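Below is data_17.txt, which holds compact mmCIF, C-alpha atoms.
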# COMPACT_ATOMS: atom_id res chain seq x y z
CA MET A 1 0.00 0.00 0.00
CA TYR A 2 2.77 2.45 0.93
CA SER A 3 4.64 1.76 -2.32
CA LEU A 4 1.54 2.44 -4.38
CA TYR A 5 0.79 5.60 -2.40
CA SER A 6 4.37 6.83 -2.91
CA LEU A 7 4.23 6.16 -6.65
CA LEU A 8 0.91 7.99 -7.03
CA LEU A 9 2.14 10.94 -4.96
CA PHE A 10 5.36 11.15 -6.97
CA LEU A 11 3.42 11.12 -10.25
CA ALA A 12 1.02 13.76 -8.92
CA LEU A 13 3.97 16.01 -8.05
CA ILE A 14 5.41 15.63 -11.54
CA VAL A 15 2.08 16.39 -13.21
CA SER A 16 1.48 19.41 -10.95
CA THR A 17 4.97 20.88 -11.41
CA PRO A 18 3.75 23.61 -13.82
CA TRP A 19 1.21 24.74 -11.23
CA TRP A 20 3.90 24.96 -8.54
CA LEU A 21 6.15 26.94 -10.86
CA LEU A 22 3.28 29.30 -11.69
CA GLN A 23 2.64 29.91 -7.99
CA MET A 24 6.32 30.72 -7.48
CA LEU A 25 6.41 33.15 -10.39
CA ARG A 26 3.05 34.86 -9.82
CA HIS A 27 2.84 34.98 -6.04
CA GLY A 28 6.31 34.19 -4.73
CA LYS A 29 4.94 31.16 -2.86
CA TYR A 30 6.86 27.93 -2.23
CA ARG A 31 10.18 29.38 -3.38
CA THR A 32 12.09 28.56 -0.25
CA GLY A 33 12.99 25.37 1.54
CA TRP A 34 12.94 23.02 -1.45
CA GLY A 35 16.16 21.34 -0.45
CA GLU A 36 14.61 20.45 2.90
CA ARG A 37 11.29 19.46 1.33
CA LEU A 38 13.21 17.03 -0.90
CA GLY A 39 15.08 15.44 1.99
CA ARG A 40 18.26 17.50 2.45
CA VAL A 41 18.79 17.90 6.18
CA PRO A 42 20.09 21.44 6.85
CA GLN A 43 23.39 21.79 8.66
CA ARG A 44 21.81 23.89 11.39
CA LEU A 45 19.93 20.78 12.57
CA LEU A 46 23.08 18.67 12.70
CA ARG A 47 24.81 20.31 15.63
CA ASP A 48 25.81 17.99 18.43
CA PRO A 49 22.54 17.11 20.17
CA VAL A 50 22.31 17.91 23.85
CA GLY A 51 19.90 15.10 24.48
CA PRO A 52 17.05 13.09 22.99
CA THR A 53 14.82 14.83 20.45
CA ILE A 54 11.12 15.57 20.05
CA TRP A 55 9.98 16.51 16.53
CA ILE A 56 6.77 18.59 16.34
CA HIS A 57 5.10 19.43 13.03
CA ALA A 58 2.93 22.57 12.80
CA VAL A 59 1.59 23.34 9.32
CA SER A 60 1.30 27.13 9.42
CA VAL A 61 0.94 30.14 11.69
CA GLY A 62 -2.15 28.92 13.52
CA GLU A 63 -0.57 25.59 14.43
CA VAL A 64 2.72 27.24 15.43
CA LEU A 65 0.81 29.49 17.82
CA ALA A 66 -1.17 26.53 19.15
CA ILE A 67 1.90 24.43 20.00
CA SER A 68 3.99 27.31 21.39
CA ARG A 69 2.92 26.83 25.00
CA VAL A 70 3.26 23.05 24.65
CA VAL A 71 6.87 23.56 23.56
CA GLU A 72 7.51 25.86 26.51
CA GLU A 73 6.06 23.37 28.97
CA LEU A 74 7.95 20.42 27.46
CA LYS A 75 11.20 22.37 27.77
CA ALA A 76 10.40 23.03 31.41
CA GLN A 77 9.57 19.38 32.05
CA LEU A 78 12.42 17.95 29.93
CA PRO A 79 15.21 20.53 30.03
CA ALA A 80 17.85 18.17 28.60
CA TRP A 81 15.74 17.28 25.56
CA ARG A 82 15.89 19.02 22.20
CA ILE A 83 12.64 20.10 20.51
CA VAL A 84 12.62 20.75 16.76
CA VAL A 85 9.68 22.09 14.77
CA SER A 86 8.79 21.66 11.11
CA THR A 87 6.29 23.72 9.13
CA THR A 88 4.78 23.53 5.66
CA THR A 89 4.17 27.21 4.83
CA ASP A 90 6.65 30.07 4.58
CA THR A 91 4.66 32.19 7.04
CA GLY A 92 4.64 29.34 9.56
CA GLN A 93 8.38 28.89 9.05
CA LYS A 94 9.08 32.55 9.76
CA LEU A 95 7.06 32.58 12.96
CA ALA A 96 8.50 29.26 14.15
CA ARG A 97 12.07 30.52 13.68
CA GLN A 98 11.21 33.61 15.70
CA ARG A 99 9.70 31.54 18.51
CA PHE A 100 11.91 28.45 18.65
CA GLY A 101 15.20 29.52 17.08
CA GLU A 102 16.40 29.07 13.52
CA SER A 103 18.59 26.08 14.41
CA ASN A 104 15.53 24.15 15.60
CA VAL A 105 13.15 24.81 12.69
CA PHE A 106 12.89 23.34 9.18
CA TYR A 107 10.44 22.63 6.37
CA LEU A 108 8.50 19.37 6.46
CA PRO A 109 9.88 16.98 3.85
CA LEU A 110 7.57 15.73 1.13
CA ASP A 111 5.77 12.57 2.16
CA LEU A 112 8.04 10.30 0.14
CA PRO A 113 10.48 7.78 1.65
CA PHE A 114 13.59 9.37 0.10
CA ALA A 115 12.64 12.73 1.67
CA VAL A 116 11.32 11.56 5.05
CA ARG A 117 13.96 8.99 6.00
CA PRO A 118 17.01 11.35 6.08
CA PHE A 119 15.30 13.53 8.71
CA LEU A 120 14.30 10.56 10.85
CA GLN A 121 17.85 9.19 10.63
CA ALA A 122 19.50 12.54 11.40
CA LEU A 123 17.18 13.58 14.24
CA SER A 124 16.38 10.11 15.62
CA PRO A 125 13.34 11.51 17.45
CA LYS A 126 11.98 9.67 20.45
CA LEU A 127 8.62 11.33 19.80
CA LEU A 128 7.01 12.66 16.62
CA VAL A 129 4.10 15.04 17.22
CA LEU A 130 1.73 16.17 14.46
CA ALA A 131 -0.67 19.06 15.04
CA GLU A 132 -4.37 18.88 14.10
CA SER A 133 -5.03 16.64 11.05
CA GLU A 134 -1.69 15.84 9.47
CA PHE A 135 -1.99 12.15 8.67
CA TRP A 136 0.99 11.69 6.32
CA PRO A 137 1.22 7.94 5.56
CA ASN A 138 4.96 7.65 4.85
CA LEU A 139 6.00 9.93 7.69
CA LEU A 140 3.89 7.99 10.17
CA HIS A 141 5.00 4.62 8.78
CA TRP A 142 8.72 5.34 8.81
CA ALA A 143 8.53 7.08 12.19
CA ARG A 144 7.06 3.90 13.67
CA LEU A 145 9.75 1.79 11.98
CA SER A 146 12.40 4.08 13.48
CA GLN A 147 11.01 3.30 16.95
CA ALA A 148 9.65 6.82 17.54
CA ALA A 149 6.47 7.24 19.53
CA VAL A 150 3.85 9.12 17.48
CA ALA A 151 1.15 11.49 18.72
CA VAL A 152 -1.41 13.71 16.98
CA VAL A 153 -2.31 16.65 19.22
CA ASN A 154 -5.08 19.22 18.97
CA ALA A 155 -6.58 16.73 16.54
CA ARG A 156 -9.63 17.67 14.54
CA VAL A 157 -11.69 16.25 11.69
CA SER A 158 -13.51 19.05 9.89
CA ASP A 159 -16.94 18.82 8.31
CA ARG A 160 -15.29 19.28 4.93
CA SER A 161 -12.68 16.52 5.31
CA LEU A 162 -14.86 13.89 7.04
CA PRO A 163 -16.60 12.56 3.89
CA GLY A 164 -13.25 12.05 2.14
CA TYR A 165 -11.76 10.27 5.13
CA LEU A 166 -14.78 7.98 5.35
CA ARG A 167 -14.59 7.22 1.64
CA PHE A 168 -11.02 5.96 2.05
CA ARG A 169 -11.39 4.53 5.55
CA LYS A 170 -10.07 1.08 4.63
CA LEU A 171 -6.86 2.65 3.33
CA LEU A 172 -6.62 5.20 6.14
CA GLN A 173 -7.12 2.75 9.00
CA PRO A 174 -3.67 1.07 8.77
CA VAL A 175 -2.10 4.54 8.57
CA MET A 176 -3.88 5.58 11.76
CA GLN A 177 -2.55 2.49 13.54
CA ASN A 178 0.94 4.02 13.40
CA VAL A 179 -0.21 6.67 15.87
CA GLY A 180 0.06 5.81 19.55
CA LEU A 181 -1.95 8.76 20.88
CA PHE A 182 -4.65 11.05 19.51
CA LEU A 183 -5.56 14.11 21.59
CA ALA A 184 -8.78 15.55 20.17
CA GLN A 185 -10.02 19.12 20.41
CA SER A 186 -13.56 18.03 21.30
CA ASP A 187 -15.71 14.99 21.98
CA GLU A 188 -17.06 15.23 18.42
CA ASP A 189 -13.54 15.22 16.98
CA ALA A 190 -12.71 12.19 19.15
CA ARG A 191 -15.77 10.36 17.82
CA ARG A 192 -14.84 11.19 14.24
CA LEU A 193 -11.25 10.00 14.70
CA VAL A 194 -12.52 6.59 15.76
CA GLN A 195 -15.00 6.66 12.90
CA ILE A 196 -12.23 7.11 10.30
CA GLY A 197 -9.98 4.39 11.70
CA ALA A 198 -8.24 5.36 14.95
CA SER A 199 -8.27 2.83 17.78
CA ALA A 200 -10.73 3.99 20.43
CA ASP A 201 -8.31 3.24 23.26
CA ARG A 202 -5.76 5.63 21.75
CA VAL A 203 -8.14 8.59 21.41
CA HIS A 204 -8.65 11.10 24.23
CA MET A 205 -10.23 14.54 24.46
CA SER A 206 -7.74 17.14 25.70
CA GLY A 207 -9.31 20.42 24.56
CA ASN A 208 -8.29 23.03 22.01
CA LEU A 209 -4.74 24.37 22.36
CA LYS A 210 -5.66 27.47 20.40
CA PHE A 211 -7.65 28.73 23.39
CA GLU A 212 -4.37 29.06 25.27
CA VAL A 213 -2.40 31.18 22.83
CA LYS A 214 -0.39 33.76 24.73
CA LEU A 215 -0.78 37.45 24.05
CA PRO A 216 1.89 38.44 21.52
CA ALA A 217 4.96 40.39 22.52
CA LYS A 218 4.64 44.09 21.82
CA SER A 219 5.83 44.55 18.23
CA ASP A 220 7.01 47.80 16.69
CA ILE A 221 3.69 48.43 15.00
CA VAL A 222 1.81 48.33 18.31
CA GLY A 223 3.76 51.29 19.63
CA GLN A 224 3.65 53.15 16.32
CA PHE A 225 -0.05 52.54 15.84
CA GLY A 226 -0.89 53.43 19.42
CA GLY A 227 1.06 56.65 19.13
CA THR A 228 -0.74 57.57 15.91
CA ILE A 229 -4.15 56.97 17.46
CA GLY A 230 -3.11 59.11 20.41
CA ARG A 231 -2.13 62.00 18.13
CA GLU A 232 -5.13 61.91 15.83
CA GLU A 233 -8.84 61.98 16.50
CA ILE A 234 -9.32 58.40 15.35
CA GLY A 235 -12.34 56.31 16.06
CA PRO A 236 -14.01 54.00 15.96
CA VAL A 237 -11.42 51.44 14.83
CA ILE A 238 -12.61 48.34 12.97
CA VAL A 239 -10.09 45.54 12.43
CA ALA A 240 -10.99 43.08 9.67
CA GLY A 241 -8.57 40.17 9.89
CA SER A 242 -7.71 37.32 7.52
CA THR A 243 -10.01 38.43 4.72
CA LEU A 244 -10.35 36.40 1.54
CA GLU A 245 -11.26 37.28 -2.02
CA GLY A 246 -14.81 38.58 -2.21
CA GLU A 247 -14.88 39.91 1.35
CA ASP A 248 -12.77 43.04 0.88
CA ALA A 249 -15.29 44.67 -1.47
CA MET A 250 -18.09 43.97 1.03
CA LEU A 251 -16.06 45.55 3.83
CA LEU A 252 -15.36 48.65 1.74
CA GLU A 253 -19.10 49.18 1.28
CA VAL A 254 -19.59 48.78 5.03
CA PHE A 255 -16.85 51.32 5.67
CA ARG A 256 -18.51 53.86 3.38
CA SER A 257 -21.55 53.77 5.66
CA VAL A 258 -19.41 53.89 8.79
CA VAL A 259 -17.27 56.85 7.74
CA ALA A 260 -20.43 58.76 6.76
CA GLU A 261 -21.52 58.50 10.41
CA TYR A 262 -18.04 58.66 11.97
CA PRO A 263 -15.63 60.83 9.92
CA GLY A 264 -12.68 59.76 12.10
CA ALA A 265 -13.27 56.03 11.62
CA LEU A 266 -10.44 53.71 10.65
CA LEU A 267 -10.65 50.31 8.98
CA VAL A 268 -7.64 48.05 9.40
CA LEU A 269 -7.88 45.59 6.50
CA ALA A 270 -5.66 42.50 6.74
CA PRO A 271 -5.87 40.08 3.78
CA ARG A 272 -5.16 36.47 4.73
CA HIS A 273 -2.67 35.66 1.96
CA PRO A 274 0.38 37.78 1.02
CA GLU A 275 -0.13 37.14 -2.69
CA ARG A 276 -3.39 39.16 -2.47
CA PHE A 277 -1.81 42.31 -1.01
CA SER A 278 -1.32 44.02 -4.38
CA ALA A 279 -4.77 43.07 -5.65
CA VAL A 280 -6.44 44.48 -2.54
CA ALA A 281 -4.35 47.64 -2.84
CA GLY A 282 -5.64 47.98 -6.41
CA LEU A 283 -9.21 47.54 -5.18
CA LEU A 284 -8.68 50.28 -2.60
CA ALA A 285 -7.12 52.60 -5.17
CA SER A 286 -10.18 52.28 -7.40
CA SER A 287 -12.64 52.69 -4.53
CA GLY A 288 -12.12 56.41 -4.03
CA LEU A 289 -11.52 55.82 -0.30
CA ARG A 290 -8.38 57.13 1.33
CA PHE A 291 -5.93 54.39 2.33
CA GLN A 292 -2.35 53.68 3.28
CA ARG A 293 -0.35 50.49 2.95
CA ARG A 294 1.49 49.40 6.06
CA SER A 295 4.59 48.64 3.95
CA GLN A 296 4.61 52.27 2.72
CA TRP A 297 3.27 53.91 5.85
CA ASP A 298 3.99 57.63 5.98
CA TYR A 299 3.66 58.59 9.63
CA SER A 300 3.17 62.25 8.72
CA LYS A 301 -0.11 61.56 6.91
CA PRO A 302 -3.31 61.10 8.91
CA ILE A 303 -5.05 57.73 8.81
CA ALA A 304 -8.32 58.81 10.44
CA GLY A 305 -11.26 58.49 8.09
CA GLY A 306 -9.44 55.98 5.92
CA ILE A 307 -8.24 52.42 5.50
CA PHE A 308 -4.99 50.96 6.77
CA LEU A 309 -3.99 48.02 4.54
CA LEU A 310 -1.94 45.61 6.61
CA ASP A 311 0.25 44.16 3.86
CA THR A 312 2.73 42.55 6.23
CA ILE A 313 2.95 39.22 8.02
CA GLY A 314 2.71 38.65 11.76
CA GLU A 315 1.36 42.05 12.85
CA LEU A 316 -2.39 41.51 12.80
CA VAL A 317 -2.75 40.04 16.28
CA GLY A 318 -1.20 43.06 17.97
CA LEU A 319 -3.58 45.46 16.24
CA TYR A 320 -6.68 43.74 17.63
CA GLU A 321 -5.82 45.53 20.87
CA PHE A 322 -6.90 48.85 19.34
CA ALA A 323 -10.19 47.64 17.83
CA ASP A 324 -13.60 48.85 18.85
CA LEU A 325 -15.07 46.11 16.66
CA THR A 326 -13.55 43.16 14.82
CA PHE A 327 -14.49 41.02 11.86
CA VAL A 328 -12.79 37.66 11.26
CA GLY A 329 -12.63 36.74 7.60
CA GLY A 330 -12.94 33.64 5.49
CA SER A 331 -16.49 33.44 6.79
CA LEU A 332 -18.60 35.63 4.48
CA VAL A 333 -17.45 33.43 1.60
CA PRO A 334 -17.64 29.62 1.77
CA ARG A 335 -14.09 29.00 2.94
CA GLY A 336 -14.68 27.79 6.49
CA GLY A 337 -13.60 30.84 8.49
CA HIS A 338 -10.50 31.71 10.47
CA ASN A 339 -9.43 31.97 14.09
CA VAL A 340 -11.57 34.23 16.31
CA LEU A 341 -9.43 33.62 19.39
CA GLU A 342 -6.86 36.25 18.53
CA ALA A 343 -9.51 38.96 18.88
CA ALA A 344 -11.23 37.29 21.84
CA GLN A 345 -8.07 37.28 23.94
CA PHE A 346 -8.23 41.10 23.91
CA GLY A 347 -11.89 41.07 24.91
CA LYS A 348 -13.09 42.56 21.62
CA ALA A 349 -16.54 42.36 20.06
CA ILE A 350 -16.39 39.88 17.17
CA LEU A 351 -18.38 39.51 13.96
CA VAL A 352 -18.13 36.47 11.69
CA GLY A 353 -19.97 35.33 8.60
CA PRO A 354 -22.05 32.15 8.33
CA HIS A 355 -19.19 29.96 6.99
CA THR A 356 -17.20 28.90 10.05
CA GLU A 357 -16.83 25.14 9.56
CA ASN A 358 -13.05 25.18 10.08
CA PHE A 359 -13.58 26.28 13.68
CA ARG A 360 -16.88 24.49 14.26
CA ASP A 361 -16.42 23.68 17.94
CA VAL A 362 -14.81 27.00 18.82
CA ILE A 363 -17.63 28.94 17.19
CA ASP A 364 -20.25 26.76 18.88
CA ILE A 365 -18.76 27.55 22.29
CA PHE A 366 -18.80 31.28 21.55
CA ARG A 367 -22.33 31.19 20.18
CA ARG A 368 -23.69 29.35 23.21
CA ALA A 369 -22.20 32.08 25.38
CA ASP A 370 -23.52 34.87 23.11
CA ALA A 371 -19.89 35.92 22.71
CA LEU A 372 -19.92 36.82 19.00
CA ARG A 373 -22.33 37.86 16.26
CA VAL A 374 -22.92 35.86 13.08
CA VAL A 375 -23.76 38.07 10.11
CA THR A 376 -24.55 37.65 6.43
CA PRO A 377 -23.41 39.92 3.58
CA GLN A 378 -26.83 41.58 3.80
CA SER A 379 -26.80 42.10 7.57
CA LEU A 380 -23.13 43.06 7.92
CA THR A 381 -23.57 46.83 7.56
CA PRO A 382 -26.58 47.12 9.93
CA ALA A 383 -24.79 44.94 12.51
CA VAL A 384 -21.64 47.07 12.39
CA LEU A 385 -23.54 50.34 12.72
CA GLN A 386 -25.73 49.00 15.53
CA LEU A 387 -22.75 47.85 17.60
CA LEU A 388 -20.81 51.04 16.98
CA GLU A 389 -23.79 53.05 18.24
CA ASN A 390 -24.14 50.96 21.41
CA HIS A 391 -20.95 51.05 23.46
CA ASP A 392 -22.35 49.03 26.37
CA GLU A 393 -23.59 46.20 24.15
CA ARG A 394 -20.27 46.14 22.29
CA ALA A 395 -18.27 46.05 25.52
CA ALA A 396 -20.45 43.28 26.96
CA LEU A 397 -20.01 41.20 23.81
CA GLY A 398 -16.23 41.56 24.05
CA GLN A 399 -16.23 40.73 27.76
CA ARG A 400 -18.19 37.53 27.14
CA ALA A 401 -15.63 36.57 24.48
CA PHE A 402 -12.84 37.10 26.99
CA GLU A 403 -14.68 35.00 29.59
CA VAL A 404 -15.06 32.17 27.07
CA MET A 405 -11.30 32.22 26.58
CA ARG A 406 -10.75 31.95 30.33
CA SER A 407 -13.25 29.12 30.69
CA GLN A 408 -11.44 26.90 28.17
CA GLN A 409 -8.02 26.83 29.82
CA GLY A 410 -6.21 23.58 30.62
CA ALA A 411 -5.59 22.02 27.19
CA THR A 412 -1.84 22.59 27.38
CA GLU A 413 -1.52 20.87 30.74
CA ARG A 414 -3.57 17.87 29.60
CA THR A 415 -1.66 17.62 26.32
CA VAL A 416 1.78 17.71 27.90
CA HIS A 417 0.76 15.21 30.59
CA ALA A 418 -0.45 12.75 27.94
CA MET A 419 2.67 13.22 25.79
CA LEU A 420 4.95 12.56 28.76
CA GLY A 421 2.94 9.45 29.48
CA LEU A 422 3.45 8.24 25.91
CA LEU A 423 7.18 8.92 26.19
CA GLN A 424 7.27 6.99 29.45
CA GLU A 425 5.87 3.97 27.62
CA HIS A 426 8.32 4.13 24.71
CA ALA A 427 11.52 5.60 26.14
CA PRO A 428 13.46 4.06 29.03
CA ALA A 429 11.70 5.09 32.21
CA ALA A 430 14.79 6.68 33.69
CA ALA A 431 15.40 8.79 30.59
CA VAL A 432 12.01 10.46 30.95
CA SER A 433 11.38 10.52 34.66
CA SER A 434 14.82 11.76 35.56
CA GLU A 435 14.29 14.87 33.44
CA ARG A 436 10.93 15.83 34.89
CA ARG A 437 10.75 18.65 37.31
CA ALA A 438 8.61 18.38 40.36
Can the structure in the file be given as structure tokens, please?
Amino acid sequence: MYSLYSLLLFLALIVSTPWWLLQMLRHGKYRTGWGERLGRVPQRLLRDPVGPTIWIHAVSVGEVLAISRVVEELKAQLPAWRIVVSTTTDTGQKLARQRFGESNVFYLPLDLPFAVRPFLQALSPKLLVLAESEFWPNLLHWARLSQAAVAVVNARVSDRSLPGYLRFRKLLQPVMQNVGLFLAQSDEDARRLVQIGASADRVHMSGNLKFEVKLPAKSDIVGQFGGTIGREEIGPVIVAGSTLEGEDAMLLEVFRSVVAEYPGALLVLAPRHPERFSAVAGLLASSGLRFQRRSQWDYSKPIAGGIFLLDTIGELVGLYEFADLTFVGGSLVPRGGHNVLEAAQFGKAILVGPHTENFRDVIDIFRRADALRVVTPQSLTPAVLQLLENHDERAALGQRAFEVMRSQQGATERTVHAMLGLLQEHAPAAAVSSERRA
């Protein structure tokens, strides 16, 4: 089965090569890390190890944020162990290098034996940890053959992916048997994991790690932006984060209505994908609305009554602090939505569209607590204006969001405890227990 899978994947990569090249040329995506993706272990990973190794894979920015506190806690519990982190996306790679150090971060190799095996041989991990729903057959298979314990943490099975998993359950089941521990985000995710082939005795509900993301360190833009707001008569501030194609035009129409009522209003518009920055800038230029790009920010020009296009990576979270109202994108169009927790941790009022399948359980928790508002393209403008007019209602909505965040704590502790237990089973007892701190 693995040989056939590898052959089909290899052929698919060959056939899709023109598409990859087009993405590199048009959008600058996937240009970096190809040596590592093809199995070349970078020299920075080959320094003399200080102890046994844990390899954690986090696809992109959201997963890197989710596993950050787990990494911190593991380092505290196992100070002599080395923890390395792989990512798939360039944005995830950048953030991971900032958080965990360049010498401990690399790109995930393609799921082919010739690419996976060099990393397993070089790192010799005692534990391989995959975040969320990364069920790579060859990686899991060869990790098990290399005697590494394998865990999937913060595991989830989305509404969109479930039918496909069920369709190929007979093929997926032996792949899932390579995993010694599944830690699910919710009871529903745990049920679905068993449904698609995981052994019930290996599946546990630990909670959602994304509820425990730490507030970001104060970046340069936070101070600059705060100073600008202090100098100008700016307000209200609306932060629209992680927007996708089709949503920006809707938000511009909303802002026209807002700025007619509040001449000092500011819309912070943060497209989800860097390759869309120029297109959104073109849309703003043709809209007749005043705007500035973050990458070309002229501090001498006022931003009140205009749009601030955040065409940079890694700065959105810090700007939620200044919002009077937030909108989280990917949800007015059928793309499944993005993470509302970044705004909730600041206690901000949150609006989302009806398409939030990617964060099904998170959104359900917030909705049950009346801690966000779900809007449609038709109701977006009235909802924004109504909340801007009612300070008390807006503040109460944000406070309930903050309380939801507080109520969901504990996932990191449960995850680390379970991972240490798995290590205890697979590694010599003394090697694990002697490193733990009381």
Test item: residues at most 12 Å from Val70 (chain A), only C-alpha atoms, excluding those fewer than 5 positions along its chain, as a PyMOL selection string
chain A and resi 54+56+58+63-65+75-78+83+85+100+129+131+153-154+208-210+212-214+410-420
Using all atoms listed in the file - which residues lie no farther than 12 Å from the point (14.7, 29.8, 14.9) in the file's frame? Write them as number ranges by chain.
A: 44-45, 83-87, 92-107
Would you output that residue set with C-alpha atoms, as an mmCIF file, keeping the file's coordinate frame?
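Output saved as again_35.cif:
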data_model
loop_
_atom_site.group_PDB
_atom_site.id
_atom_site.type_symbol
_atom_site.label_atom_id
_atom_site.label_comp_id
_atom_site.auth_asym_id
_atom_site.auth_seq_id
_atom_site.Cartn_x
_atom_site.Cartn_y
_atom_site.Cartn_z
ATOM 1 C CA ARG A 44 21.810 23.890 11.390
ATOM 2 C CA LEU A 45 19.930 20.780 12.570
ATOM 3 C CA ILE A 83 12.640 20.100 20.510
ATOM 4 C CA VAL A 84 12.620 20.750 16.760
ATOM 5 C CA VAL A 85 9.680 22.090 14.770
ATOM 6 C CA SER A 86 8.790 21.660 11.110
ATOM 7 C CA THR A 87 6.290 23.720 9.130
ATOM 8 C CA GLY A 92 4.640 29.340 9.560
ATOM 9 C CA GLN A 93 8.380 28.890 9.050
ATOM 10 C CA LYS A 94 9.080 32.550 9.760
ATOM 11 C CA LEU A 95 7.060 32.580 12.960
ATOM 12 C CA ALA A 96 8.500 29.260 14.150
ATOM 13 C CA ARG A 97 12.070 30.520 13.680
ATOM 14 C CA GLN A 98 11.210 33.610 15.700
ATOM 15 C CA ARG A 99 9.700 31.540 18.510
ATOM 16 C CA PHE A 100 11.910 28.450 18.650
ATOM 17 C CA GLY A 101 15.200 29.520 17.080
ATOM 18 C CA GLU A 102 16.400 29.070 13.520
ATOM 19 C CA SER A 103 18.590 26.080 14.410
ATOM 20 C CA ASN A 104 15.530 24.150 15.600
ATOM 21 C CA VAL A 105 13.150 24.810 12.690
ATOM 22 C CA PHE A 106 12.890 23.340 9.180
ATOM 23 C CA TYR A 107 10.440 22.630 6.370
#
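In this structure, CA of Phe135 (chain A) sits 12.8 Å away from CA of Phe168 (chain A).
Minimum atom-to-atom distances from A:Leu380, A:Leu11, A:Leu128, A:Leu309 to Arg276 (chain A) were compared using all atoms listed in the file, and the lowest value belongs to A:Leu309.
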Could you tell me how far CA of Gly421 (chain A) lies from CA of Ala66 (chain A), in Å and to one decimal?
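Distance reported for this atom pair: 20.4 Å.
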Name all residues at most 12 Å from Val352 (chain A) (count all atoms listed in the file; drop same-chain ones fewer than 3 positions away) and give them as a ChimeraX atom specification.
/A:240-243,247,325-333,336-341,343,349,355-357,359,363,366-367,371-377,379-380,383-384
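Within 12 Å of Ala279 (chain A), once only C-alpha atoms are used and residues closer than 3 positions along the same chain are dropped, the contacting residues are His27, Leu244, Glu245, Gly246, Asp248, Ala249, Pro271, His273, Pro274, Glu275, Arg276, Gly282, Leu283, Leu284, Ala285, Ser286, Leu309 and Asp311 of chain A.
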